[in-house]
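Chemist: Okay, handing you the structure first.
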Amino acid sequence: MTSSAVNEQIQEQIPSNTERLKVLVTSDQPRAELEAKLANLEVDVIWQKIAQPLSGLEDTFTFRHLKPVFDEADKAGVDLVIAVDSTLDKFTLGVRKLMTGNFILLNIHHTSLILAKLLLENHGSLSAKKSIFITDLLEKLFAKQEAPITTIATLPSPLMEQESFQESDTSETLFISENQEIILKGQNDSLGYLLSRLVQAAKKAKMENKTLFDSLITIYNDFGFQREKNLAVSIEEPSQKVFFKKIIARLKKKPPLTLGMTEIISIEDLSNGTMKNLLSGRIVSSQSPSANALQIQLGNNSKILIFPTEQKINFFFTSQGKLIKKDDFNTLNTQFDQRVIKLLSEINRLGLEN
């Protein structure tokens, strides 16, 4: 039997799923227009009031917000959960890891990767502007399609009020904020359009006995697995400001050779646009946006962005690795999160040294 004949036989043994996709929309108040738009895609749509809505501009949906919704969605045989904030149209997705598995909450990095890949495949003139706290894997996706993408140091909510958003663009521009705001400028109904594209992708995946989680894994297998984690620490007290100011000064003037038993490759000072290679001593121009921040590159494919503001200091950790199969996802996330804890402890230790 030829290999093509074997493949055809295997495909016949794994029929596509013909059941309609079931979508649950959850928000603080009904979204009738959005529900109708999604229902027109020939999927089943139900709405459920979210028990704990977002409370502020920087608040984002977490598993804590959506755990009760996921429990109900699981009982109802729902395939996809969409959480929407009525104030700023922030949104996030809950997807099944397996067709009949538990729901997992996609973070803003996961959602933006899946969505960007869908748009790049169908929009000839798409560009993007993203927050510095959003995955830089997007740059690889856009580079592959030879599409422009810009990283912006400060991209707070509401996006529509930011100067970078209000500037005129000659093409459709995808804006991505770390606060779960994603807007496609150039679309009259950005939220409805973006969610429609995601629902269509979920519908297609279900027909192939897959979920949107498989789409994410495909991206990681193509471009490399990456884990992002942003930790914010309050510095409202004068003593806290002094403590972290000392850490930043130490990293600028006399950085240690290692952090967490991993050598430091380079330190990038975004305030003056320079990057110093600690191995060679060479100083080159930074490619990052201007900001009062430092970025540390470690030898284990990890980097740390230290970004202070008046009220808090953000530690944005990025770790890279190789993803072999779906089962590795949780294991790698746990390993990288443990690495983050150790690195943050090492950074804090710098503030305690004389």
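We label chains A, B, ... in the order they appear in the structure tokens, count residues from 1 in each chain, and number ligands from 1 in the order shown.
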May I have all residues of region 81-258 of chain A that DSSP, computed from the backbone, assigns to strand (DSSP E or B), given as a PyMOL selection string?
Modeler: chain A and resi 81-84+91-96+103-105+127-131+149-152+173-176+182-185+225-234+258
Chemist: Go through A:Ala232, A:Met99, A:Thr331, A:Gln226 one by one, measure the shortest atom-to-atom distance of each to Lys303 (chain A) using only C-alpha atoms, and give the residue with the smallest value.
Modeler: A:Gln226
Chemist: Skipping near chain neighbours, those fewer than 6 positions away, what residues fall within 6 Å of region 45-58 of chain A using only C-alpha atoms, listed as a PyMOL selection string?
Modeler: chain A and resi 23-28+39+65+157+179
Chemist: Just C-alpha atoms for this one: save the residues we selected as a short mmCIF file (atom, residue, chain, number, x, y, z; two decimals), in the first residue's frame.
Modeler:
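Written out: selection-v2.cif:
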```cif
data_model
loop_
_atom_site.label_atom_id
_atom_site.label_comp_id
_atom_site.auth_asym_id
_atom_site.auth_seq_id
_atom_site.Cartn_x
_atom_site.Cartn_y
_atom_site.Cartn_z
CA VAL A 23 -19.83 29.77 22.26
CA LEU A 24 -20.51 31.36 25.64
CA VAL A 25 -20.19 35.15 25.89
CA THR A 26 -19.82 36.52 29.41
CA SER A 27 -19.92 40.19 30.38
CA ASP A 28 -21.36 42.53 32.97
CA ALA A 39 -24.66 33.65 15.71
CA HIS A 65 -12.93 36.16 37.27
CA SER A 157 -5.82 52.26 28.40
CA ASN A 179 -4.40 45.59 29.54
#
```
Chemist: Running DSSP on the backbone, which parts of region 3-75 of chain A land in helix (DSSP H, G or I), as a VMD selection string?
Modeler: chain A and resid 3 to 13 32 to 39 63 to 75
Chemist: Residues within 8 Å of region 202-208 of chain A, please, as a PDB file with N, CA, C and O atoms, in the first residue's frame. Count only C-alpha atoms; anything in the same chain fewer than 4 positions from it doesn't count.
Modeler:
```pdb
ATOM      1  N   SER A  16     -14.274  14.270  10.585  1.00  0.00           N
ATOM      2  CA  SER A  16     -14.326  15.622  11.126  1.00  0.00           C
ATOM      3  C   SER A  16     -15.561  15.785  12.003  1.00  0.00           C
ATOM      4  O   SER A  16     -16.564  15.102  11.830  1.00  0.00           O
ATOM      5  N   ASN A  17     -15.479  16.695  12.960  1.00  0.00           N
ATOM      6  CA  ASN A  17     -16.573  16.958  13.886  1.00  0.00           C
ATOM      7  C   ASN A  17     -17.598  17.861  13.204  1.00  0.00           C
ATOM      8  O   ASN A  17     -17.282  18.962  12.786  1.00  0.00           O
ATOM      9  N   THR A  18     -18.829  17.370  13.087  1.00  0.00           N
ATOM     10  CA  THR A  18     -19.859  18.134  12.386  1.00  0.00           C
ATOM     11  C   THR A  18     -20.804  18.866  13.340  1.00  0.00           C
ATOM     12  O   THR A  18     -21.715  19.540  12.903  1.00  0.00           O
ATOM     13  N   GLU A  19     -20.586  18.716  14.669  1.00  0.00           N
ATOM     14  CA  GLU A  19     -21.434  19.428  15.621  1.00  0.00           C
ATOM     15  C   GLU A  19     -21.128  20.926  15.568  1.00  0.00           C
ATOM     16  O   GLU A  19     -19.996  21.332  15.351  1.00  0.00           O
ATOM     17  N   ARG A  20     -22.178  21.728  15.771  1.00  0.00           N
ATOM     18  CA  ARG A  20     -22.001  23.171  15.749  1.00  0.00           C
ATOM     19  C   ARG A  20     -21.140  23.629  16.933  1.00  0.00           C
ATOM     20  O   ARG A  20     -21.230  23.068  18.027  1.00  0.00           O
ATOM     21  N   LEU A  21     -20.318  24.627  16.683  1.00  0.00           N
ATOM     22  CA  LEU A  21     -19.502  25.207  17.736  1.00  0.00           C
ATOM     23  C   LEU A  21     -20.418  25.899  18.753  1.00  0.00           C
ATOM     24  O   LEU A  21     -21.343  26.618  18.381  1.00  0.00           O
ATOM     25  N   VAL A  43     -23.026  29.351  14.506  1.00  0.00           N
ATOM     26  CA  VAL A  43     -22.578  28.735  15.747  1.00  0.00           C
ATOM     27  C   VAL A  43     -23.651  29.003  16.798  1.00  0.00           C
ATOM     28  O   VAL A  43     -24.471  29.916  16.651  1.00  0.00           O
ATOM     29  N   LEU A  80     -16.045  27.307  23.438  1.00  0.00           N
ATOM     30  CA  LEU A  80     -15.257  28.534  23.497  1.00  0.00           C
ATOM     31  C   LEU A  80     -15.948  29.542  24.413  1.00  0.00           C
ATOM     32  O   LEU A  80     -17.150  29.784  24.280  1.00  0.00           O
ATOM     33  N   MET A  99     -10.420  18.542  23.020  1.00  0.00           N
ATOM     34  CA  MET A  99     -11.820  18.696  22.614  1.00  0.00           C
ATOM     35  C   MET A  99     -12.771  18.540  23.797  1.00  0.00           C
ATOM     36  O   MET A  99     -13.763  19.252  23.906  1.00  0.00           O
ATOM     37  N   LEU A 198     -11.925  35.000  15.322  1.00  0.00           N
ATOM     38  CA  LEU A 198     -11.532  33.966  16.279  1.00  0.00           C
ATOM     39  C   LEU A 198     -12.563  32.841  16.340  1.00  0.00           C
ATOM     40  O   LEU A 198     -12.193  31.660  16.414  1.00  0.00           O
ATOM     41  N   LEU A 212      -8.679  26.042  19.546  1.00  0.00           N
ATOM     42  CA  LEU A 212      -7.767  27.160  19.325  1.00  0.00           C
ATOM     43  C   LEU A 212      -6.443  26.953  20.051  1.00  0.00           C
ATOM     44  O   LEU A 212      -5.434  27.569  19.687  1.00  0.00           O
TER      45      LEU A 212
END
```
Chemist: Which one of A:Glu237, A:Asp269, A:Asp328, A:Glu161 sits closest to Leu251 (chain A) if you count only C-alpha atoms?
Modeler: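 Closest to Leu251 (chain A) of all the choices is A:Asp269.
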Chemist: With only C-alpha atoms as the basis for distance, which of A:Ile176, A:Phe336, A:Met275, A:Ala128 is at the shortest distance from Phe91 (chain A)?
Modeler: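 Among the listed residues, A:Ile176 lies closest to Phe91 (chain A).
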Chemist: How close does each residue of region 197-225 of chain A get to region 134-149 of chain A, giving the shortest atom pair and distance in Å to one decimal for every residue with an atom at most 12 Å away, counting only C-alpha atoms, sorted by chain and residue number, as a tab-separated table?
Modeler:
```
residue	atom	partner	partner_atom	distance
A:Leu216	CA	A:Leu137	CA	11.8
A:Ile219	CA	A:Leu141	CA	8.7
A:Tyr220	CA	A:Leu137	CA	9.0
A:Asn221	CA	A:Leu137	CA	11.9
A:Asp222	CA	A:Leu141	CA	9.6
A:Phe223	CA	A:Lys140	CA	7.2
A:Gly224	CA	A:Leu137	CA	8.4
A:Phe225	CA	A:Leu137	CA	9.0
```
Chemist: Using all heavy atoms, can you write the selected residues to a file as an mmCIF file, in the first residue's frame?
Modeler:
```
data_model
loop_
_atom_site.group_PDB
_atom_site.id
_atom_site.type_symbol
_atom_site.label_atom_id
_atom_site.label_comp_id
_atom_site.auth_asym_id
_atom_site.auth_seq_id
_atom_site.Cartn_x
_atom_site.Cartn_y
_atom_site.Cartn_z
ATOM 1 N N LEU A 216 -2.385 27.799 18.863
ATOM 2 C CA LEU A 216 -1.298 28.395 19.634
ATOM 3 C C LEU A 216 -0.061 27.503 19.619
ATOM 4 O O LEU A 216 1.071 27.984 19.441
ATOM 5 C CB LEU A 216 -1.760 28.634 21.072
ATOM 6 C CG LEU A 216 -0.730 29.218 22.036
ATOM 7 C CD1 LEU A 216 -0.330 30.624 21.619
ATOM 8 C CD2 LEU A 216 -1.268 29.219 23.465
ATOM 9 N N ILE A 219 1.914 27.802 16.434
ATOM 10 C CA ILE A 219 2.751 29.012 16.400
ATOM 11 C C ILE A 219 4.037 28.792 17.188
ATOM 12 O O ILE A 219 5.141 29.137 16.737
ATOM 13 C CB ILE A 219 1.973 30.215 16.960
ATOM 14 C CG1 ILE A 219 0.803 30.560 16.045
ATOM 15 C CG2 ILE A 219 2.889 31.428 17.127
ATOM 16 C CD1 ILE A 219 -0.149 31.595 16.607
ATOM 17 N N TYR A 220 3.917 28.183 18.371
ATOM 18 C CA TYR A 220 5.100 27.934 19.183
ATOM 19 C C TYR A 220 6.052 26.944 18.509
ATOM 20 O O TYR A 220 7.278 27.068 18.617
ATOM 21 C CB TYR A 220 4.691 27.409 20.561
ATOM 22 C CG TYR A 220 4.181 28.471 21.501
ATOM 23 C CD1 TYR A 220 3.126 28.206 22.385
ATOM 24 C CD2 TYR A 220 4.739 29.741 21.527
ATOM 25 C CE1 TYR A 220 2.664 29.182 23.257
ATOM 26 C CE2 TYR A 220 4.273 30.722 22.391
ATOM 27 C CZ TYR A 220 3.241 30.440 23.248
ATOM 28 O OH TYR A 220 2.782 31.395 24.107
ATOM 29 N N ASN A 221 5.501 25.962 17.838
ATOM 30 C CA ASN A 221 6.367 25.003 17.138
ATOM 31 C C ASN A 221 7.060 25.643 15.945
ATOM 32 O O ASN A 221 8.177 25.269 15.588
ATOM 33 C CB ASN A 221 5.552 23.788 16.684
ATOM 34 C CG ASN A 221 5.291 22.810 17.820
ATOM 35 O OD1 ASN A 221 6.138 22.632 18.692
ATOM 36 N ND2 ASN A 221 4.136 22.178 17.828
ATOM 37 N N ASP A 222 6.407 26.630 15.324
ATOM 38 C CA ASP A 222 6.993 27.316 14.171
ATOM 39 C C ASP A 222 8.025 28.363 14.568
ATOM 40 O O ASP A 222 9.039 28.549 13.874
ATOM 41 C CB ASP A 222 5.896 27.992 13.334
ATOM 42 C CG ASP A 222 5.021 26.992 12.592
ATOM 43 O OD1 ASP A 222 5.450 25.827 12.451
ATOM 44 O OD2 ASP A 222 3.918 27.369 12.155
ATOM 45 N N PHE A 223 7.779 29.063 15.678
ATOM 46 C CA PHE A 223 8.624 30.207 16.027
ATOM 47 C C PHE A 223 9.367 30.061 17.356
ATOM 48 O O PHE A 223 10.159 30.930 17.717
ATOM 49 C CB PHE A 223 7.768 31.482 16.080
ATOM 50 C CG PHE A 223 7.180 31.860 14.760
ATOM 51 C CD1 PHE A 223 5.885 31.477 14.425
ATOM 52 C CD2 PHE A 223 7.910 32.581 13.829
ATOM 53 C CE1 PHE A 223 5.329 31.816 13.204
ATOM 54 C CE2 PHE A 223 7.365 32.935 12.603
ATOM 55 C CZ PHE A 223 6.075 32.549 12.285
ATOM 56 N N GLY A 224 9.124 28.968 18.080
ATOM 57 C CA GLY A 224 9.778 28.775 19.363
ATOM 58 C C GLY A 224 8.849 29.111 20.514
ATOM 59 O O GLY A 224 8.094 30.074 20.450
ATOM 60 N N PHE A 225 8.903 28.301 21.566
ATOM 61 C CA PHE A 225 8.037 28.538 22.729
ATOM 62 C C PHE A 225 8.558 29.714 23.536
ATOM 63 O O PHE A 225 9.770 29.922 23.664
ATOM 64 C CB PHE A 225 7.993 27.295 23.614
ATOM 65 C CG PHE A 225 7.134 27.466 24.838
ATOM 66 C CD1 PHE A 225 5.757 27.527 24.732
ATOM 67 C CD2 PHE A 225 7.718 27.594 26.093
ATOM 68 C CE1 PHE A 225 4.960 27.689 25.854
ATOM 69 C CE2 PHE A 225 6.928 27.750 27.224
ATOM 70 C CZ PHE A 225 5.550 27.802 27.100
#
```
Chemist: If we count only C-alpha atoms and set the cut-off at 7 Å, which residues sit around region 254-265 of chain A, ignoring sequence neighbours fewer than 2 positions away in its own chain? Please answer as a compact mmCIF listing (two decimals) with N, CA and C atoms, in the first residue's frame.
Modeler:
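Final file, out-v1.txt:
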```txt
# COMPACT_ATOMS: atom_id res chain seq x y z
N ARG A 250 22.76 50.14 40.56
CA ARG A 250 23.78 49.07 40.60
C ARG A 250 23.86 48.37 39.24
N LEU A 251 22.73 48.10 38.64
CA LEU A 251 22.72 47.42 37.34
C LEU A 251 23.32 48.29 36.24
N LYS A 252 23.17 49.60 36.37
CA LYS A 252 23.73 50.50 35.37
C LYS A 252 25.24 50.68 35.52
N ASN A 277 27.36 45.05 26.00
CA ASN A 277 27.64 43.63 26.08
C ASN A 277 28.65 43.41 27.20
N LEU A 278 28.21 42.71 28.26
CA LEU A 278 29.09 42.53 29.41
C LEU A 278 30.22 41.55 29.14
N LEU A 279 30.11 40.74 28.11
CA LEU A 279 31.16 39.78 27.79
C LEU A 279 32.31 40.44 27.04
N GLN A 297 19.61 40.89 29.35
CA GLN A 297 19.60 39.64 28.57
C GLN A 297 20.49 38.63 29.28
N LEU A 298 19.92 37.46 29.58
CA LEU A 298 20.67 36.40 30.26
C LEU A 298 21.10 35.32 29.28
N GLY A 299 22.04 34.50 29.74
CA GLY A 299 22.60 33.47 28.87
C GLY A 299 21.71 32.27 28.66
N ASN A 300 20.60 32.17 29.38
CA ASN A 300 19.71 31.00 29.24
C ASN A 300 18.45 31.35 28.44
N LYS A 342 13.09 32.93 41.24
CA LYS A 342 14.51 32.94 41.63
C LYS A 342 15.19 34.22 41.13
N LEU A 343 14.87 34.62 39.91
CA LEU A 343 15.49 35.83 39.35
C LEU A 343 15.06 37.07 40.12
N GLU A 346 16.99 37.30 43.26
CA GLU A 346 18.36 37.74 43.02
C GLU A 346 18.42 39.24 42.77
```
Chemist: Quick one: residues within 10 Å of Leu118 (chain A), only C-alpha atoms counted, chain neighbours fewer than 2 positions away excluded, as a PyMOL selection string?
Modeler: chain A and resi 112-116+120-123+194+197-198+201+215
Chemist: Which residue gives the smallest distance to Phe317 (chain A) among A:Ile283, A:Ile341, A:Ile108, A:Ala32, with only C-alpha atoms counted?
Modeler: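 When distances to Phe317 (chain A) are compared using only C-alpha atoms, the smallest one comes from A:Ile341.
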